[in-house]
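K.L.:
What follows is a single structure, and I will ask about it in a moment.
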Amino acid sequence: MLDFASMIYRIPALLFAISIHEYAHAQCADSMGDPTARYMGRLTFNPMAHLDPIGAILLVVAGFGWAKGVPINVNNFRNRREGILKVSFAGPAANLFLCFLAALMMALLGRMGMLSDGLYKFLFWMQLYNVWFAFFNLIPVPPLDGSRILSELLPAKQSWQFNEIVDRYGFYILIALVFTGITSMIINPLANGYLRLIQGLLSIVF
C-alpha cells in the first residue's frame with residue numbers, strides 16, 4: 001500500500017530528480033547549439049516547467065512515470081549525431097550524479113552526527129528516485145532517452161526499421177514492460193549495483 005506519511009520526503013526528492021534530468025537535457029542541447037529549450041523556458045531548475053502531472057503521480061504511486069520532454073531541434077546541432085547522443089545521455093547522467101551527491105551528503109552528515117531522521121529519509125528517497133529515473137530512462141523504448149540513443153548507434157537501415165516499430169508501438173510496449181514487472185527485472189540489478197558501487201567508494205573515505 002502507498003505510504004502517505006512518506007510523501008513529505010518523496011515529493012521533494014521526486015521534484016529534484018525530474019528537474020535535474022530535464023535541466024541537463026536542456027543545458028546540453030543549448031551547449032550543442034540548439035537554443036529551443038531555452039527559448040521555451042525549459043533551461044531552469046523550476047520543477048513546474050518540467051512537470052507532467054500524470055507522469056509524476058504515476059511515478060509516486062506506481063514506481064514509473066515521466067516528465068515533459070525537452071523540445072529540441074536536431075538541425076541546430078553543430079554535429080547532429082553527437083548532439084542527439086550527448087543530450088540523450090545528459091539526463092540519466094545527471095540523475096546518477098545527484099544520486100551520488102545524496103549518498104555523499106548522507107555519509108558526511110552521518111559522520112558529523114548531523115543526520116536527522118527526516119533528512120535521512122529525504123536523502124534516501126533522493127538516491128532511489130534518481131538511480132531509478134536514470135536507468136528507467138535508458139530503456140530503449142519511446143519516449144525514453146534510451147530509444148534515441150539506440151537509434152543513433154544502430155546502422156542506418158536497422159535504425160529506420162527500429163524507429164518504424166517503436167514509434168508506432170513504443171508506448172504500449174513500455175506499459176507492458178512496466179506492468180509485467182520486466183522493467184523491475186532490468187532496473188533492479190543495475191540500480192543496486194550502482195548503489196553498492198557508491199557505498200563501496202564512500203566506505204573508503206568514511
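Every chain in the C-alpha cells takes a letter, A first, then B, and so on in the order presented; its residues are numbered from 1, and the ligands are numbered from 1 following the presented order.
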Please provide as a count of residues only all residues within 9 Å of Phe77 in chain A, with the sequence filter that same-chain residues fewer than 5 positions apart are discarded (counting only C-alpha atoms).
P.N.:
8
K.L.:
Could you pull out the helix (DSSP H, G or I) residues of chain A, going by DSSP on the backbone, and write them as an MDAnalysis selection string?
P.N.:
chainID A and resid 4:31 36:39 47:49 53:61 74:76 80:111 117:137 145:153 156:179 182:205
K.L.:
For Leu150 in chain A, which residue among A:Leu138, A:Val131, A:Ile11, A:Met105 is the nearest when counting only C-alpha atoms?
P.N.:
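Using only C-alpha atoms, Leu150 in chain A sits closest to A:Leu138.
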K.L.:
Would you list the contacts of range 172-180 of chain A as a list in words, taking every protein, DNA or RNA residue within 12 Å and counting only C-alpha atoms, but skipping same-chain residues closer than 4 positions in sequence?
P.N.:
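The contact residues come out as Leu58, Leu59, Ala62, Gly63, Phe64, Gly65, Trp66, Phe136, Asn137, Ile139, Pro140, Val141, Pro142, Pro143, Leu144, Gly146, Ser147, Ile165, Val166, Asp167, Arg168, Ser184, Met185, Ile186 and Ile187 of chain A.
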K.L.:
Keeping only N, CA, C and O atoms, write the selected residues to a file as a short mmCIF file (atom, residue, chain, number, x, y, z; two decimals), in the first residue's frame.
P.N.:
data_model
loop_
_atom_site.label_atom_id
_atom_site.label_comp_id
_atom_site.auth_asym_id
_atom_site.auth_seq_id
_atom_site.Cartn_x
_atom_site.Cartn_y
_atom_site.Cartn_z
N LEU A 58 2.05 8.94 -11.36
CA LEU A 58 2.35 7.52 -11.59
C LEU A 58 3.71 7.14 -11.01
O LEU A 58 3.89 6.03 -10.50
N LEU A 59 4.67 8.08 -11.07
CA LEU A 59 6.00 7.78 -10.55
C LEU A 59 5.94 7.57 -9.04
O LEU A 59 6.61 6.69 -8.50
N ALA A 62 3.01 4.29 -8.75
CA ALA A 62 3.28 3.01 -9.41
C ALA A 62 4.76 2.70 -9.57
O ALA A 62 5.12 1.59 -9.94
N GLY A 63 5.63 3.70 -9.29
CA GLY A 63 7.06 3.44 -9.41
C GLY A 63 7.63 3.72 -10.79
O GLY A 63 8.81 3.51 -11.04
N PHE A 64 6.80 4.21 -11.71
CA PHE A 64 7.29 4.63 -13.02
C PHE A 64 6.51 5.87 -13.45
O PHE A 64 5.42 6.14 -12.95
N GLY A 65 7.09 6.61 -14.36
CA GLY A 65 6.40 7.82 -14.82
C GLY A 65 7.31 8.61 -15.74
O GLY A 65 8.31 8.10 -16.22
N TRP A 66 6.98 9.86 -15.97
CA TRP A 66 7.73 10.66 -16.92
C TRP A 66 7.52 12.13 -16.64
O TRP A 66 6.60 12.54 -15.93
N PHE A 136 15.72 3.80 -15.76
CA PHE A 136 14.44 3.66 -16.44
C PHE A 136 14.48 4.40 -17.77
O PHE A 136 14.02 3.90 -18.80
N ASN A 137 15.05 5.60 -17.77
CA ASN A 137 15.09 6.40 -19.00
C ASN A 137 16.07 5.85 -20.04
O ASN A 137 16.03 6.28 -21.19
N ILE A 139 16.05 2.71 -20.91
CA ILE A 139 15.37 1.62 -21.62
C ILE A 139 15.08 2.08 -23.05
O ILE A 139 14.53 3.16 -23.25
N PRO A 140 15.43 1.29 -24.06
CA PRO A 140 15.31 1.75 -25.45
C PRO A 140 13.90 1.64 -26.02
O PRO A 140 13.67 0.95 -27.02
N VAL A 141 12.97 2.31 -25.38
CA VAL A 141 11.58 2.35 -25.83
C VAL A 141 11.10 3.80 -25.76
O VAL A 141 11.29 4.45 -24.73
N PRO A 142 10.50 4.34 -26.82
CA PRO A 142 9.97 5.71 -26.77
C PRO A 142 8.91 5.83 -25.69
O PRO A 142 8.17 4.87 -25.46
N PRO A 143 8.81 6.98 -25.02
CA PRO A 143 9.56 8.22 -25.31
C PRO A 143 10.83 8.36 -24.49
O PRO A 143 11.31 9.47 -24.28
N LEU A 144 11.39 7.27 -24.02
CA LEU A 144 12.55 7.32 -23.14
C LEU A 144 13.84 7.61 -23.91
O LEU A 144 13.94 7.35 -25.11
N GLY A 146 16.65 6.19 -23.93
CA GLY A 146 17.34 5.03 -24.48
C GLY A 146 16.98 4.73 -25.92
O GLY A 146 17.81 4.21 -26.68
N SER A 147 15.76 5.08 -26.32
CA SER A 147 15.35 4.80 -27.70
C SER A 147 16.11 5.69 -28.68
O SER A 147 16.50 5.24 -29.76
N ILE A 165 9.07 0.52 -35.91
CA ILE A 165 8.35 -0.33 -34.95
C ILE A 165 8.07 0.41 -33.66
O ILE A 165 6.92 0.48 -33.20
N VAL A 166 9.11 0.98 -33.06
CA VAL A 166 8.96 1.54 -31.71
C VAL A 166 8.18 2.85 -31.70
O VAL A 166 7.50 3.15 -30.72
N ASP A 167 8.26 3.63 -32.78
CA ASP A 167 7.48 4.86 -32.82
C ASP A 167 5.98 4.56 -32.84
O ASP A 167 5.17 5.32 -32.32
N ARG A 168 5.62 3.44 -33.46
CA ARG A 168 4.21 3.07 -33.59
C ARG A 168 3.69 2.38 -32.32
O ARG A 168 2.58 2.64 -31.88
N SER A 184 11.32 -3.83 -13.71
CA SER A 184 11.96 -4.05 -12.41
C SER A 184 13.09 -5.06 -12.52
O SER A 184 14.15 -4.90 -11.90
N MET A 185 12.86 -6.10 -13.33
CA MET A 185 13.89 -7.12 -13.51
C MET A 185 15.13 -6.53 -14.19
O MET A 185 16.25 -6.97 -13.94
N ILE A 186 14.91 -5.54 -15.05
CA ILE A 186 16.02 -4.90 -15.75
C ILE A 186 16.73 -3.90 -14.85
O ILE A 186 17.95 -3.87 -14.74
N ILE A 187 15.94 -3.06 -14.18
CA ILE A 187 16.48 -1.92 -13.45
C ILE A 187 17.06 -2.32 -12.10
O ILE A 187 18.10 -1.78 -11.68
#
K.L.:
Ile8 in chain A: which residues within 12 Å, counting only C-alpha atoms, same-chain residues fewer than 2 positions away excluded, as an NGL selection string?
P.N.:
:A and (3-6 or 10-15 or 60 or 118-119 or 121-122 or 125)
K.L.:
Taking N, CA and C atoms for each residue, export the selection above as a CSV table (one decimal), in the first residue's frame.
P.N.:
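Writing done, so here's part24.csv:
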chain,number,residue,atom,x,y,z
A,3,ASP,N,2.4,4.6,1.1
A,3,ASP,CA,2.7,5.2,2.4
A,3,ASP,C,2.6,6.7,2.3
A,4,PHE,N,1.4,7.2,2.7
A,4,PHE,CA,1.3,8.7,2.5
A,4,PHE,C,2.1,9.5,3.5
A,5,ALA,N,2.5,8.9,4.6
A,5,ALA,CA,3.4,9.6,5.6
A,5,ALA,C,4.8,9.9,5.0
A,6,SER,N,5.2,9.1,4.0
A,6,SER,CA,6.5,9.3,3.3
A,6,SER,C,6.5,10.4,2.3
A,10,ARG,N,9.2,12.1,-0.2
A,10,ARG,CA,9.2,11.6,-1.5
A,10,ARG,C,9.0,12.6,-2.6
A,11,ILE,N,8.0,13.5,-2.3
A,11,ILE,CA,7.6,14.5,-3.3
A,11,ILE,C,8.8,15.5,-3.6
A,12,PRO,N,9.4,16.0,-2.6
A,12,PRO,CA,10.6,16.9,-2.9
A,12,PRO,C,11.7,16.1,-3.7
A,13,ALA,N,12.0,14.9,-3.2
A,13,ALA,CA,13.0,14.1,-3.9
A,13,ALA,C,12.7,13.9,-5.4
A,14,LEU,N,11.4,13.6,-5.6
A,14,LEU,CA,10.9,13.4,-7.0
A,14,LEU,C,11.1,14.6,-7.8
A,15,LEU,N,10.7,15.8,-7.3
A,15,LEU,CA,10.8,17.0,-8.0
A,15,LEU,C,12.3,17.3,-8.3
A,60,VAL,N,5.1,8.4,-8.3
A,60,VAL,CA,5.0,8.2,-6.9
A,60,VAL,C,4.2,7.0,-6.6
A,118,GLY,N,14.5,12.9,9.5
A,118,GLY,CA,13.8,13.4,8.3
A,118,GLY,C,14.8,13.6,7.2
A,119,LEU,N,16.0,14.1,7.5
A,119,LEU,CA,17.0,14.3,6.4
A,119,LEU,C,17.4,13.0,5.9
A,121,LYS,N,15.6,10.3,5.6
A,121,LYS,CA,14.6,9.8,4.7
A,121,LYS,C,14.6,10.5,3.4
A,122,PHE,N,14.8,11.9,3.4
A,122,PHE,CA,14.8,12.6,2.2
A,122,PHE,C,15.9,12.2,1.3
A,125,TRP,N,15.3,8.8,-0.3
A,125,TRP,CA,14.5,8.8,-1.5
A,125,TRP,C,15.1,9.5,-2.6
K.L.:
Between A:Val70, A:Cys28, A:Cys99, A:Ala37, which residue has the minimum interatomic distance to Asn130 in chain A, considering only C-alpha atoms?
P.N.:
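Under the stated criterion, the closest residue is A:Cys99.
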K.L.:
Taking 6 positions as the minimum chain separation for residues in the same chain, which residues sit within 8 Å of Phe133 in chain A when counting only C-alpha atoms? Answer as number ranges by chain.
P.N.:
A: 17, 92, 95
K.L.:
Would you please work out which residue, of A:Glu22, A:Glu152, A:Asp117, A:Glu164, is nearest to Arg42 in chain A when using only C-alpha atoms?
P.N.:
A:Glu22
K.L.:
Grab the CA of Asn76 in chain A to CA of Ser31 in chain A distance for me, in Å with one decimal place.
P.N.:
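For CA of Asn76 in chain A relative to CA of Ser31 in chain A, the distance reads 10.8 Å.
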K.L.:
Identify, on the basis of only C-alpha atoms, every residue whose closest approach to Tyr120 in chain A does not exceed 10 Å; exclude the query and any residue fewer than 3 positions from it along the same chain; express the result as a list in words.
P.N.:
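My reading of the contact set: Tyr9, Ala102, Ala103, Met105, Met106, Ala107, Leu109, Gly110, Met114, Leu115, Ser116, Asp117, Leu123, Phe124, Trp125 and Met126 of chain A.
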K.L.:
What gap, in Å, lies between CA of Asn46 in chain A and CA of Ser19 in chain A?
P.N.:
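CA of Ser19 in chain A lies at a distance of 6.6 Å from CA of Asn46 in chain A.
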K.L.:
Taking only C-alpha atoms into account, name the residue in A:Gly91, A:Trp160, A:Met112, A:Leu96 that is nearest to Leu197 in chain A.
P.N.:
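Going through A:Gly91, A:Trp160, A:Met112, A:Leu96 one by one, the smallest distance to Leu197 in chain A is for A:Leu96.
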K.L.:
Please report the interatomic distance between CA of Gln127 in chain A and CA of Ile72 in chain A in Å with one decimal.
P.N.:
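Value for the CA of Gln127 in chain A-CA of Ile72 in chain A distance: 28.2 Å.
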K.L.:
Nearest residue to Gly193 in chain A out of A:Phe135, A:Phe162, A:Phe206, A:Asn73, using only C-alpha atoms?
P.N.:
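Once distances to Gly193 in chain A are computed over only C-alpha atoms, the minimum belongs to A:Phe135.
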K.L.:
Pick out the closest residue to Met40 in chain A from this set: A:Leu190, A:Ala67, A:Ile204, A:Ala26. Count only C-alpha atoms.
P.N.:
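Using only C-alpha atoms, Met40 in chain A sits closest to A:Ala26.
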